[in-house]
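Student: For reference, the structure I am asking about is given below.
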Amino acid sequence: MVMAMTVDETLAVRSSSDIVLVRQMIRAWAIQIGFNLVEQTKIVTAASELARNTIDYGGGGTARVQSVRHGTRSGLRLTFEDKGPGIPDVNLALKDGYTTGNGLGLGLSGARRLSNEFEIESRPGEGTRVTITRWK
């Protein structure tokens, strides 16, 4: 399946099948930009973790994929956003092993390690937005 590349695309993230679609889209974009296999794996893995968190903790939301350039560098910027309960203590949530669910507690911290840039905004009762960038 060949996916058309655009500069900016947003997908709904509401179920496990949506996570598969997000992974496929991110990999296609990464290949188009010229990421090597290691870079592809890092961005796809980070995206998978964040998409899963969007569903499990945020009740679903959106994934936005952007092709970005800065000088001679090119990369992918991913933004996962939900309108869920938010994260009361972001610093605690970023610690390896911390989880409020049944996972290993490596989703947020793992995504941060797999990215070149990582931003998180969360307000209890309003939702969470996580933006990561991986540069080629």
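A note on labels: chains of the structure tokens are A, B, ... as shown, every chain counts residues from 1, and ligands are counted from 1 in their shown order.
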May I have the residues within 7 Å of Thr10 (chain A) as a PyMOL selection string, using only C-alpha atoms and disregarding those fewer than 5 positions away in the same chain?
Tutor: chain A and resi 62-65
Student: Residues within 12 Å of Arg14 (chain A), please, as a list in words. Count only C-alpha atoms; anything in the same chain fewer than 4 positions from it doesn't count.
Tutor: Asp18, Ile19, Val20, Leu21, Val22, Ala51, Arg52, Asn53, Thr54, Ile55, Asp56, Tyr57, Gly58, Gly59, Gly60, Gly61, Thr62, Ala63, Phe80, Glu81 and Asp82 of chain A
Student: Please return, as a short mmCIF file (atom, residue, chain, number, x, y, z; two decimals) with C-alpha atoms, in the first residue's frame, all residues of chain A that DSSP assigns to strand (DSSP E) on the basis of the backbone.
Tutor:
```cif
data_model
loop_
_atom_site.label_atom_id
_atom_site.label_comp_id
_atom_site.auth_asym_id
_atom_site.auth_seq_id
_atom_site.Cartn_x
_atom_site.Cartn_y
_atom_site.Cartn_z
CA ASP A 8 0.41 17.74 7.65
CA GLU A 9 -2.10 14.99 8.42
CA THR A 10 -4.33 14.22 11.41
CA LEU A 11 -5.83 10.85 12.35
CA ALA A 12 -8.37 9.87 14.98
CA VAL A 13 -6.93 7.59 17.68
CA GLY A 61 -8.00 11.67 20.70
CA THR A 62 -5.96 12.63 17.67
CA ALA A 63 -2.50 12.10 16.20
CA ARG A 64 -1.09 14.86 14.01
CA VAL A 65 1.91 14.16 11.78
CA GLN A 66 3.94 16.98 10.29
CA SER A 67 6.94 16.96 8.01
CA VAL A 68 9.27 19.66 9.34
CA ARG A 69 12.43 21.34 8.11
CA HIS A 70 14.97 23.44 9.98
CA ARG A 73 17.56 19.15 8.61
CA SER A 74 14.29 17.39 7.97
CA GLY A 75 12.19 15.46 10.41
CA LEU A 76 8.81 14.43 11.70
CA ARG A 77 6.81 16.16 14.40
CA LEU A 78 4.03 14.15 16.02
CA THR A 79 1.36 15.60 18.29
CA PHE A 80 -0.95 13.35 20.30
CA GLU A 81 -3.85 15.14 21.94
CA ASP A 82 -6.78 14.03 24.07
CA GLU A 117 12.54 16.92 21.15
CA PHE A 118 9.74 16.23 23.63
CA GLU A 119 7.04 18.53 25.01
CA ILE A 120 4.09 17.69 27.21
CA GLU A 121 1.21 19.87 28.33
CA SER A 122 -1.45 18.48 30.61
CA ARG A 123 -4.21 20.05 32.66
CA GLY A 127 -6.59 16.71 28.64
CA THR A 128 -3.03 16.16 27.50
CA ARG A 129 -0.94 17.11 24.48
CA VAL A 130 2.40 15.44 23.79
CA THR A 131 4.56 16.65 20.91
CA ILE A 132 7.71 14.87 19.80
CA THR A 133 10.14 15.58 16.99
CA ARG A 134 12.67 13.21 15.47
CA TRP A 135 15.30 14.70 13.16
#
```
Student: Rounded to one decimal, what separation in Å do you get between CA of Pro124 (chain A) and CA of Val90 (chain A)?
Tutor: 10.3 Å
